[in-house]
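Heads up, work21.cif below (mmCIF, C-alpha atoms):
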```cif
data_data
#
loop_
_atom_site.label_atom_id
_atom_site.label_comp_id
_atom_site.auth_asym_id
_atom_site.auth_seq_id
_atom_site.Cartn_x
_atom_site.Cartn_y
_atom_site.Cartn_z
CA MET A 99 -257.70 92.62 -116.23
CA THR A 100 -257.73 90.89 -112.85
CA GLU A 101 -254.77 90.16 -110.62
CA LYS A 102 -255.05 86.50 -111.59
CA ASP A 103 -254.77 87.38 -115.28
CA LEU A 104 -251.67 89.44 -114.56
CA LEU A 105 -250.12 86.60 -112.63
CA GLN A 106 -250.88 84.21 -115.48
CA GLN A 107 -248.80 86.49 -117.68
CA GLY A 108 -245.95 86.54 -115.20
CA ILE A 109 -246.70 90.09 -114.02
CA VAL A 110 -246.70 90.84 -110.31
CA PRO A 111 -249.88 92.87 -109.77
CA GLY A 112 -249.34 96.14 -107.93
CA PRO A 113 -251.87 95.49 -105.14
CA LEU A 114 -250.09 92.26 -104.29
CA ILE A 115 -247.09 94.14 -102.89
CA HIS A 116 -249.45 96.24 -100.77
CA TRP A 117 -251.31 93.16 -99.53
CA ILE A 118 -248.04 91.48 -98.64
CA GLU A 119 -246.99 94.51 -96.60
CA GLN A 120 -250.35 94.59 -94.85
CA ALA A 121 -250.30 90.85 -94.19
CA LYS A 122 -246.82 91.18 -92.70
CA ARG A 123 -248.42 93.39 -90.06
CA GLY A 124 -251.01 90.73 -89.30
CA ASP A 125 -253.83 92.00 -91.53
CA ILE A 126 -255.88 88.86 -92.15
CA GLY A 127 -258.03 90.59 -94.79
CA ALA A 128 -254.94 91.30 -96.88
CA PHE A 129 -253.74 87.77 -96.29
CA GLN A 130 -257.05 86.43 -97.56
CA ARG A 131 -256.60 88.38 -100.81
CA ILE A 132 -253.19 86.80 -101.26
CA TYR A 133 -254.72 83.42 -100.55
CA ASP A 134 -257.49 84.01 -103.11
CA LEU A 135 -254.89 84.90 -105.70
CA PHE A 136 -252.60 81.91 -105.20
CA ALA A 137 -254.60 79.12 -103.52
CA ARG A 138 -255.64 77.53 -106.80
CA LYS A 139 -252.11 77.54 -108.20
CA VAL A 140 -250.65 76.04 -105.05
CA LEU A 141 -253.42 73.46 -104.74
CA ASN A 142 -252.96 72.28 -108.31
CA PHE A 143 -249.17 72.32 -108.11
CA VAL A 144 -249.30 70.08 -105.03
CA TYR A 145 -251.99 67.91 -106.60
CA ARG A 146 -249.92 67.36 -109.73
CA MET A 147 -246.92 66.52 -107.65
CA ILE A 148 -248.62 63.92 -105.42
CA GLY A 149 -251.80 62.99 -107.29
CA SER A 150 -254.11 63.05 -104.28
CA THR A 151 -256.82 65.67 -103.84
CA GLU A 152 -257.12 65.20 -100.10
CA GLU A 153 -253.40 65.54 -99.49
CA ALA A 154 -253.18 68.47 -101.88
CA GLU A 155 -255.84 70.31 -99.87
CA ASP A 156 -254.11 69.46 -96.63
CA LEU A 157 -250.70 70.59 -97.86
CA THR A 158 -252.16 73.76 -99.38
CA GLN A 159 -253.51 74.68 -95.96
CA GLU A 160 -250.16 73.91 -94.32
CA THR A 161 -248.37 75.96 -96.95
CA PHE A 162 -250.48 79.03 -96.28
CA VAL A 163 -250.18 78.66 -92.50
CA THR A 164 -246.40 78.75 -92.94
CA VAL A 165 -246.71 81.68 -95.34
CA TYR A 166 -248.67 83.62 -92.71
CA GLN A 167 -246.17 82.79 -89.99
CA LYS A 168 -243.04 83.50 -92.00
CA LEU A 169 -244.18 86.30 -94.28
CA ALA A 170 -242.26 88.94 -92.32
CA SER A 171 -239.03 87.12 -93.16
CA LEU A 172 -239.63 87.66 -96.91
CA LYS A 173 -237.34 90.56 -97.75
CA ASP A 174 -238.08 90.98 -101.45
CA ASN A 175 -241.85 91.11 -101.98
CA ASP A 176 -241.36 90.65 -105.74
CA LYS A 177 -240.10 87.14 -104.98
CA PHE A 178 -243.28 86.15 -103.20
CA GLU A 179 -244.45 83.58 -105.76
CA PRO A 180 -241.19 81.57 -105.95
CA TRP A 181 -241.01 81.75 -102.16
CA LEU A 182 -244.58 80.47 -101.85
CA PHE A 183 -243.94 77.59 -104.24
CA ARG A 184 -240.73 76.71 -102.42
CA ILE A 185 -242.73 76.29 -99.20
CA ALA A 186 -245.33 74.16 -100.99
CA ARG A 187 -242.57 72.07 -102.58
CA ASN A 188 -240.94 71.50 -99.19
CA TYR A 189 -244.23 70.18 -97.84
CA VAL A 190 -244.59 67.90 -100.87
CA TYR A 191 -241.18 66.37 -100.29
CA GLN A 192 -241.74 66.05 -96.55
CA ARG A 193 -244.93 64.15 -97.28
CA TYR A 194 -243.23 62.05 -99.94
CA ARG A 195 -240.72 60.79 -97.42
CA ARG A 196 -243.54 59.31 -95.41
CA ARG A 197 -245.32 57.78 -98.37
CA THR A 198 -244.04 55.60 -101.18
CA PRO A 199 -245.01 56.65 -104.73
CA SER A 200 -246.92 53.39 -105.29
CA MET A 201 -249.32 54.37 -102.51
CA VAL A 202 -250.29 57.50 -104.38
CA SER A 203 -253.07 56.70 -106.79
CA VAL A 204 -255.02 59.00 -109.00
CA ASP A 205 -257.79 56.45 -109.17
CA GLU A 206 -258.26 56.15 -105.45
CA GLU A 207 -259.93 59.50 -105.09
CA ASN A 208 -262.05 58.99 -108.18
CA GLU A 209 -263.40 55.82 -106.63
CA GLU A 210 -264.17 57.77 -103.47
CA GLY A 211 -266.20 60.18 -105.61
CA ARG A 212 -265.19 63.21 -103.58
CA SER A 213 -267.69 65.98 -104.14
CA ALA A 214 -265.55 68.58 -102.40
CA ALA A 215 -263.01 68.68 -105.19
CA GLU A 216 -264.83 70.37 -107.96
CA LEU A 217 -263.43 69.73 -111.36
CA VAL A 218 -263.69 72.56 -113.79
CA ASP A 219 -264.85 70.30 -116.60
CA GLU A 220 -267.86 69.08 -114.67
CA ARG A 221 -269.89 71.90 -116.18
CA LYS A 222 -269.74 70.16 -119.56
CA GLY A 223 -272.16 67.46 -120.68
CA PRO A 224 -271.90 63.95 -119.18
CA GLN A 225 -270.06 62.48 -122.16
CA ASP A 226 -267.63 65.38 -122.42
CA ALA A 227 -267.15 65.28 -118.69
CA PHE A 228 -266.40 61.54 -118.88
CA GLN A 229 -263.90 62.09 -121.68
CA ALA A 230 -262.31 64.99 -119.84
CA GLU A 231 -262.08 62.79 -116.78
CA GLU A 232 -260.37 60.06 -118.79
CA LEU A 233 -257.91 62.46 -120.40
CA GLY A 234 -257.27 64.10 -117.05
CA ARG A 235 -256.40 60.70 -115.66
CA VAL A 236 -254.08 60.02 -118.60
CA VAL A 237 -252.33 63.36 -118.18
CA GLN A 238 -251.93 62.91 -114.44
CA GLY A 239 -250.54 59.43 -115.13
CA VAL A 240 -248.00 60.93 -117.55
CA ILE A 241 -247.00 63.52 -114.94
CA ASP A 242 -246.84 60.89 -112.18
CA ASP A 243 -244.51 58.75 -114.28
CA LEU A 244 -241.95 61.53 -114.67
CA PRO A 245 -238.97 61.30 -112.33
CA ASP A 246 -239.29 63.71 -109.38
CA LYS A 247 -236.85 66.29 -110.63
CA TYR A 248 -238.47 66.35 -114.06
CA ARG A 249 -242.01 66.37 -112.69
CA GLU A 250 -241.70 69.52 -110.64
CA VAL A 251 -239.96 71.58 -113.31
CA PHE A 252 -242.41 70.33 -115.92
CA VAL A 253 -245.45 71.30 -113.86
CA LEU A 254 -244.00 74.69 -112.96
CA SER A 255 -243.07 75.52 -116.54
CA ALA A 256 -245.70 73.87 -118.75
CA ILE A 257 -248.73 74.32 -116.51
CA ASP A 258 -247.95 77.12 -114.06
CA HIS A 259 -245.95 79.09 -116.65
CA LEU A 260 -243.28 80.27 -114.26
CA SER A 261 -240.05 81.58 -115.73
CA TYR A 262 -236.97 79.34 -115.73
CA GLN A 263 -235.32 81.75 -113.28
CA GLU A 264 -238.25 81.47 -110.87
CA ILE A 265 -238.23 77.69 -111.21
CA ALA A 266 -234.48 77.61 -110.50
CA GLU A 267 -235.14 79.61 -107.31
CA ILE A 268 -237.95 77.30 -106.26
CA VAL A 269 -236.10 74.02 -106.78
CA GLY A 270 -232.73 75.43 -105.69
CA ARG A 271 -230.81 74.40 -108.79
CA SER A 272 -228.85 76.26 -111.42
CA LEU A 273 -230.58 77.80 -114.41
CA PRO A 274 -228.79 75.58 -116.99
CA SER A 275 -229.67 72.47 -114.97
CA VAL A 276 -233.33 73.49 -114.81
CA LYS A 277 -233.37 74.31 -118.50
CA THR A 278 -231.99 70.88 -119.39
CA ASP A 279 -234.46 69.08 -117.12
CA ILE A 280 -237.43 70.97 -118.52
CA HIS A 281 -236.39 70.02 -122.04
CA ARG A 282 -235.93 66.33 -121.10
CA ALA A 283 -239.27 66.30 -119.31
CA ARG A 284 -240.99 67.77 -122.37
CA LEU A 285 -239.42 65.09 -124.58
CA GLN A 286 -240.69 62.34 -122.26
CA VAL A 287 -244.16 63.84 -122.14
CA ARG A 288 -244.25 64.18 -125.92
CA LYS A 289 -243.35 60.52 -126.28
CA ARG A 290 -246.12 59.48 -123.85
CA VAL A 291 -248.92 61.58 -125.34
CA LYS A 292 -247.94 61.11 -128.98
CA ASP A 293 -250.71 58.58 -129.60
CA TYR A 294 -253.39 60.92 -128.27
CA LEU A 295 -252.19 63.72 -130.51
CA LYS A 296 -252.73 61.63 -133.68
CA ASP A 297 -256.46 61.35 -133.05
CA MET B 299 -227.26 76.97 -135.88
CA ASP B 300 -227.58 73.28 -136.79
CA CYS B 301 -230.45 70.86 -136.08
CA ARG B 302 -228.81 69.42 -132.95
CA GLN B 303 -228.41 72.87 -131.38
CA CYS B 304 -231.93 73.77 -132.45
CA SER B 305 -233.36 70.65 -130.85
CA GLU B 306 -231.58 71.35 -127.56
CA GLU B 307 -232.89 74.92 -127.41
CA LEU B 308 -236.36 74.23 -128.76
CA THR B 309 -238.17 73.98 -125.42
CA ALA B 310 -236.58 77.19 -124.13
CA PHE B 311 -237.58 78.88 -127.39
CA ILE B 312 -241.20 77.72 -127.06
CA ASP B 313 -241.27 78.93 -123.45
CA GLY B 314 -240.00 82.37 -124.48
CA GLU B 315 -236.77 81.91 -122.56
CA LEU B 316 -234.50 82.65 -125.51
CA VAL B 317 -233.85 86.30 -126.12
CA GLY B 318 -231.87 88.47 -128.48
CA GLY B 319 -229.47 86.76 -130.87
CA SER B 320 -230.29 83.20 -129.78
CA ALA B 321 -233.98 83.67 -130.54
CA GLU B 322 -233.20 85.22 -133.91
CA GLN B 323 -230.88 82.35 -134.85
CA MET B 324 -233.58 79.88 -133.85
CA LYS B 325 -236.19 81.61 -135.99
CA LEU B 326 -233.86 81.64 -138.99
CA HIS B 327 -233.12 77.94 -138.59
CA LEU B 328 -236.77 77.00 -138.16
CA ASP B 329 -237.72 78.95 -141.28
CA LYS B 330 -235.49 76.81 -143.41
CA CYS B 331 -235.73 73.43 -141.60
CA PRO B 332 -239.06 71.53 -141.92
CA PRO B 333 -238.03 68.61 -139.61
CA CYS B 334 -237.17 71.05 -136.78
CA ARG B 335 -240.43 72.90 -137.40
CA ALA B 336 -242.29 69.60 -137.12
CA GLU B 337 -240.49 68.79 -133.89
CA MET B 338 -241.40 72.19 -132.50
CA ARG B 339 -245.06 71.65 -133.38
CA GLU B 340 -245.04 68.26 -131.66
CA LEU B 341 -243.54 69.74 -128.51
CA GLN B 342 -246.02 72.61 -128.54
CA ASN B 343 -248.97 70.28 -129.12
CA SER B 344 -247.97 67.84 -126.43
CA ALA B 345 -247.51 70.65 -123.89
CA ALA B 346 -250.87 72.13 -124.92
CA PHE B 347 -252.51 68.69 -124.62
CA VAL B 348 -251.20 68.30 -121.07
CA GLU B 349 -252.24 71.80 -120.07
CA MET B 350 -255.72 71.47 -121.61
CA ASN B 351 -256.46 68.08 -120.13
CA SER B 352 -254.78 68.46 -116.82
CA ARG B 353 -257.35 68.15 -114.05
CA GLU B 354 -257.83 71.51 -112.41
CA LEU B 355 -258.96 71.55 -108.79
CA GLU B 356 -260.85 74.43 -107.25
CA PRO B 357 -259.94 75.25 -103.65
CA ILE B 358 -262.83 74.19 -101.45
CA PRO B 359 -264.04 76.77 -98.86
CA GLU B 360 -262.99 74.47 -96.02
CA ILE B 361 -259.32 75.13 -96.79
CA TRP B 362 -259.69 78.84 -96.11
CA ASN B 363 -262.08 78.31 -93.20
CA ASN B 364 -259.66 75.97 -91.44
CA LEU B 365 -256.76 78.21 -92.31
CA ARG B 366 -258.62 81.25 -90.97
CA SER B 367 -259.35 79.48 -87.68
CA ARG B 368 -255.75 78.45 -87.30
CA ILE B 369 -254.20 81.82 -87.99
CA ALA B 370 -256.76 83.53 -85.76
CA GLU B 371 -255.38 81.53 -82.85
CA MET B 372 -251.84 82.60 -83.63
CA PRO B 373 -250.52 85.67 -81.80
CA THR B 374 -249.11 87.72 -84.69
CA PRO B 375 -246.94 86.83 -87.64
CA GLU B 376 -243.28 86.46 -86.72
CA GLY B 377 -241.46 89.76 -86.93
CA SER B 378 -244.55 91.97 -87.00
CA HIS B 379 -244.38 93.33 -83.46
CA GLY B 380 -244.85 96.98 -84.38
CA PHE B 381 -242.95 99.22 -81.99
CA PHE B 382 -240.90 96.30 -80.68
CA ARG B 383 -239.94 95.14 -84.15
CA PHE B 384 -236.42 96.57 -83.67
CA LEU B 385 -235.91 93.90 -81.03
CA VAL B 386 -236.10 91.15 -83.62
CA MET B 387 -232.55 89.95 -84.08
CA ASN B 388 -230.81 88.27 -86.94
CA ARG B 389 -229.42 84.80 -86.32
CA TRP B 390 -225.87 85.99 -85.49
CA THR B 391 -227.11 88.57 -83.02
CA ALA B 392 -229.38 85.96 -81.50
CA ALA B 393 -226.47 83.50 -81.23
CA ALA B 394 -224.24 86.12 -79.60
CA ALA B 395 -227.04 87.12 -77.21
CA THR B 396 -227.61 83.48 -76.30
CA LEU B 397 -223.90 82.99 -75.63
CA ALA B 398 -223.73 86.12 -73.49
CA ALA B 399 -226.83 85.12 -71.55
CA THR B 400 -225.36 81.65 -70.95
CA ALA B 401 -222.10 83.16 -69.71
CA VAL B 402 -223.93 85.51 -67.36
CA LEU B 403 -226.05 82.66 -66.09
CA ALA B 404 -222.98 80.46 -65.52
CA LEU B 405 -221.21 83.28 -63.71
CA GLY B 406 -224.26 83.91 -61.56
CA LEU B 407 -224.56 80.23 -60.72
CA TRP B 408 -220.87 80.03 -59.82
CA GLY B 409 -221.19 83.10 -57.61
CA TYR B 410 -224.26 81.67 -55.99
CA LEU B 411 -222.50 78.37 -55.25
CA GLN B 412 -219.50 80.25 -53.90
CA GLY B 413 -221.84 82.27 -51.74
CA GLN B 414 -223.50 79.11 -50.54
CA LYS B 415 -220.10 77.71 -49.57
CA SER B 416 -219.10 80.90 -47.73
CA SER B 417 -222.40 80.98 -45.90
CA ALA B 418 -221.97 77.41 -44.74
CA GLU B 419 -218.43 78.11 -43.56
CA PHE B 420 -219.53 81.30 -41.85
CA GLU B 421 -222.40 79.53 -40.13
CA ALA B 422 -220.08 76.76 -38.87
CA TYR B 423 -217.62 79.35 -37.62
CA MET B 424 -220.33 81.27 -35.82
CA ASN B 425 -221.73 78.11 -34.21
CA ASP B 426 -218.29 77.20 -33.01
CA TYR B 427 -217.69 80.73 -31.77
CA ILE B 428 -221.02 80.83 -29.91
CA GLN B 429 -220.35 77.45 -28.34
CA THR B 430 -216.92 78.57 -27.18
CA ARG B 431 -218.29 81.82 -25.86
CA MET B 432 -221.08 80.04 -23.96
CA THR B 433 -218.60 77.66 -22.40
CA ASP B 434 -216.29 80.52 -21.49
CA GLU B 435 -219.22 82.47 -20.10
CA ALA B 436 -220.29 79.57 -17.91
CA ILE B 437 -216.78 79.12 -16.56
CA HIS B 438 -216.46 82.84 -16.08
CA SER B 439 -219.76 83.07 -14.18
CA THR B 440 -218.66 80.30 -11.87
CA LYS B 441 -215.39 82.04 -11.17
CA ILE B 442 -217.08 85.38 -10.55
CA ALA B 443 -219.50 83.76 -8.11
CA GLU B 444 -216.67 82.11 -6.28
CA ALA B 445 -214.65 85.33 -6.20
CA GLU B 446 -217.67 87.20 -4.83
CA ARG B 447 -218.14 84.62 -2.12
CA ASN B 448 -214.48 84.98 -1.18
CA PRO B 449 -213.67 88.62 -1.69
CA TRP B 450 -210.54 88.39 0.38
CA ARG B 451 -208.93 85.99 -2.05
CA ALA B 452 -206.98 87.90 -4.61
CA ASP B 453 -206.17 84.79 -6.65
CA LEU B 454 -209.87 84.13 -7.26
CA ALA B 455 -210.46 87.74 -8.31
CA GLU B 456 -207.56 87.49 -10.70
CA SER B 457 -208.88 84.23 -12.08
CA ALA B 458 -212.40 85.63 -12.54
CA PHE B 459 -211.19 88.43 -14.81
CA PRO B 460 -208.21 87.00 -16.61
CA ARG B 461 -208.73 88.66 -19.89
CA ASN B 462 -210.31 91.90 -18.95
CA PRO B 463 -209.14 94.24 -21.71
CA PHE B 464 -209.76 97.18 -19.46
CA ALA B 465 -207.71 95.74 -16.68
CA GLN B 466 -204.33 97.23 -16.76
CA ASP B 467 -201.51 96.67 -14.50
CA ARG B 468 -202.10 99.24 -11.88
CA PRO B 469 -199.04 101.33 -11.50
CA ALA B 470 -197.54 101.34 -8.15
CA ALA B 471 -199.10 103.88 -5.85
CA ILE B 472 -197.51 107.15 -6.41
CA GLU B 473 -195.92 108.47 -3.39
CA ASN B 474 -197.85 111.36 -1.83
CA LEU B 475 -195.88 114.35 -2.85
CA PHE B 476 -197.55 116.48 -0.21
CA GLN B 477 -196.84 114.22 2.60
CA THR B 478 -194.15 115.54 4.65
CA GLU B 479 -191.32 113.36 5.43
CA GLU B 480 -191.59 111.64 8.64
CA ARG B 481 -189.19 112.94 10.86
#
```
Show me this structure written as structure tokens.
Amino acid sequence: MTEKDLLQQGIVPGPLIHWIEQAKRGDIGAFQRIYDLFARKVLNFVYRMIGSTEEAEDLTQETFVTVYQKLASLKDNDKFEPWLFRIARNYVYQRYRRRTPSMVSVDEENEEGRSAAELVDERKGPQDAFQAEELGRVVQGVIDDLPDKYREVFVLSAIDHLSYQEIAEIVGRSLPSVKTDIHRARLQVRKRVKDYLKD
Amino acid sequence: MDCRQCSEELTAFIDGELVGGSAEQMKLHLDKCPPCRAEMRELQNSAAFVEMNSRELEPIPEIWNNLRSRIAEMPTPEGSHGFFRFLVMNRWTAAAATLAATAVLALGLWGYLQGQKSSAEFEAYMNDYIQTRMTDEAIHSTKIAEAERNPWRADLAESAFPRNPFAQDRPAAIENLFQTEER
């Protein structure tokens, strides 16, 4: 079982603590291992929050630069993941302040046909890939339409599978408040995708 | 547990966030309540639909490459200064150190300005003193020259050395004790 599998199950892999300690001393090799483990999660979290591939890549890079700079200030290595997501979230909200939600379009990057952003489903046949693309667009639209405070807790719980406690630490709210928002977000999502589930 | 309570806790139950007694109560209620079971299935399916169809981006190599270049230019991560790590202060220590440094700097500046003022005063005093001494010296030289030209004039000699600290009133000549009385 790889470190990524362990993370997916909410388990902090043992080597991660070692890599964090090494990276705190400026070991770039250890830092790269941490990056390999979390880059995809951060990239997709940011992407789901803002809906733009280019900005998600940019903010992912900024997030990891900050992680490298500030890693020594992380006292509890077990809290690395919530700490990492909190940094990414801060960048998302900083960027949001400069950009109105209407300017963020999922379609805009599809029209650009960016080859750099490789979609996992592109390995399927053309028709499946087209359908996956359509459904992906629908899902991102559903996520985009959620209010900010619902969107982030929904993404972190339903897609990134973080615990409610970790999510509360990331968004800086109480556990009951997070629990309520996750439930309300799920109800909204269910209402929006209900028609697709009948098919 | 009733249906309203079940509905409120359903998402947390699906996410595995209910433990112990709460989870058991939920299971018991769901076993005997088809509408709540249906609601749970809908919530599970909708979450699964979103997760399955959510576009998943792969990090492109350029992100790491750019990141690598940027961090290579950085000195070292904050707080990882090896032997000198003990010098890293917490924010209160840093604030106190800043305050102390400011106070020392202010004190030094005040002392410097005071010193500047004293120097200026001292310099003015010395200039004045030198000027006075030069004038006195010129007058004195004139008087000495005149006294030397007229050695017979006691008033000029007295005037030439008016403030001679070594000049003491000469006591009156002591009478020669060995001189015999004139007869």
What is the distance, in Å and to one decimal place, between atom CA of B:Arg302 and atom CA of B:Ala346?
->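 Result for atom CA of B:Arg302 versus atom CA of B:Ala346: 23.6 Å, one decimal.
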Enumerate, as a PyMOL selection string, the residues matched when the PyMOL selection byres ((chain B) within 8 of (chain A)) is run on the file above.
-> chain B and resi 306+308-310+313+315+340-341+343-345+347-349+351-358+361-362+364-365+368-369+374-380
Keeping C-alpha atoms, export the residues of the selection given above as a short mmCIF file (atom, residue, chain, number, x, y, z; two decimals), keeping the file's coordinate frame.
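Listing of selection39.cif after writing:
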```cif
data_model
loop_
_atom_site.label_atom_id
_atom_site.label_comp_id
_atom_site.auth_asym_id
_atom_site.auth_seq_id
_atom_site.Cartn_x
_atom_site.Cartn_y
_atom_site.Cartn_z
CA GLU B 306 -231.58 71.35 -127.56
CA LEU B 308 -236.36 74.23 -128.76
CA THR B 309 -238.17 73.98 -125.42
CA ALA B 310 -236.58 77.19 -124.13
CA ASP B 313 -241.27 78.93 -123.45
CA GLU B 315 -236.77 81.91 -122.56
CA GLU B 340 -245.04 68.26 -131.66
CA LEU B 341 -243.54 69.74 -128.51
CA ASN B 343 -248.97 70.28 -129.12
CA SER B 344 -247.97 67.84 -126.43
CA ALA B 345 -247.51 70.65 -123.89
CA PHE B 347 -252.51 68.69 -124.62
CA VAL B 348 -251.20 68.30 -121.07
CA GLU B 349 -252.24 71.80 -120.07
CA ASN B 351 -256.46 68.08 -120.13
CA SER B 352 -254.78 68.46 -116.82
CA ARG B 353 -257.35 68.15 -114.05
CA GLU B 354 -257.83 71.51 -112.41
CA LEU B 355 -258.96 71.55 -108.79
CA GLU B 356 -260.85 74.43 -107.25
CA PRO B 357 -259.94 75.25 -103.65
CA ILE B 358 -262.83 74.19 -101.45
CA ILE B 361 -259.32 75.13 -96.79
CA TRP B 362 -259.69 78.84 -96.11
CA ASN B 364 -259.66 75.97 -91.44
CA LEU B 365 -256.76 78.21 -92.31
CA ARG B 368 -255.75 78.45 -87.30
CA ILE B 369 -254.20 81.82 -87.99
CA THR B 374 -249.11 87.72 -84.69
CA PRO B 375 -246.94 86.83 -87.64
CA GLU B 376 -243.28 86.46 -86.72
CA GLY B 377 -241.46 89.76 -86.93
CA SER B 378 -244.55 91.97 -87.00
CA HIS B 379 -244.38 93.33 -83.46
CA GLY B 380 -244.85 96.98 -84.38
#
```
Compile the contact shell of A:Leu114 as a PyMOL selection string: residues with an atom at most 10 Å away, counting only C-alpha atoms, same-chain residues fewer than 3 positions apart removed.
-> chain A and resi 101+110-111+117-120+128-129+131-132+135+175-176+178
Give me, please, the distance in Å between atom CA of B:Ser416 and atom CA of B:Ala401, quoted to one decimal.
->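 Answer for the atom CA of B:Ser416 to atom CA of B:Ala401 separation: 22.3 Å.
Across the structure, atom CA of A:Asn188 and atom CA of A:Ser150 are spaced 16.5 Å apart.
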From A:Ser275, A:Pro113, A:Glu153, A:Tyr194, residue lying nearest A:Tyr248 [only C-alpha atoms] | A:Ser275
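Residues matched by the PyMOL selection byres ((chain B and resi 303) around 12) in this file are Met299, Asp300, Cys301, Arg302, Cys304, Ser305, Glu306, Glu307, Leu308, Thr309, Ala310, Phe311, Ser320, Gln323, Met324, His327, Leu328 and Cys334 of chain B.
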Expected axis-aligned box over every listed atom of stretch 310-315 of chain B, 6 Å added per side, centre plus edges in Å to one decimal, as JSON:
```
{"center_x": -238.9, "center_y": 79.8, "center_z": -125.0, "size_x": 16.7, "size_y": 17.2, "size_z": 16.8}
```
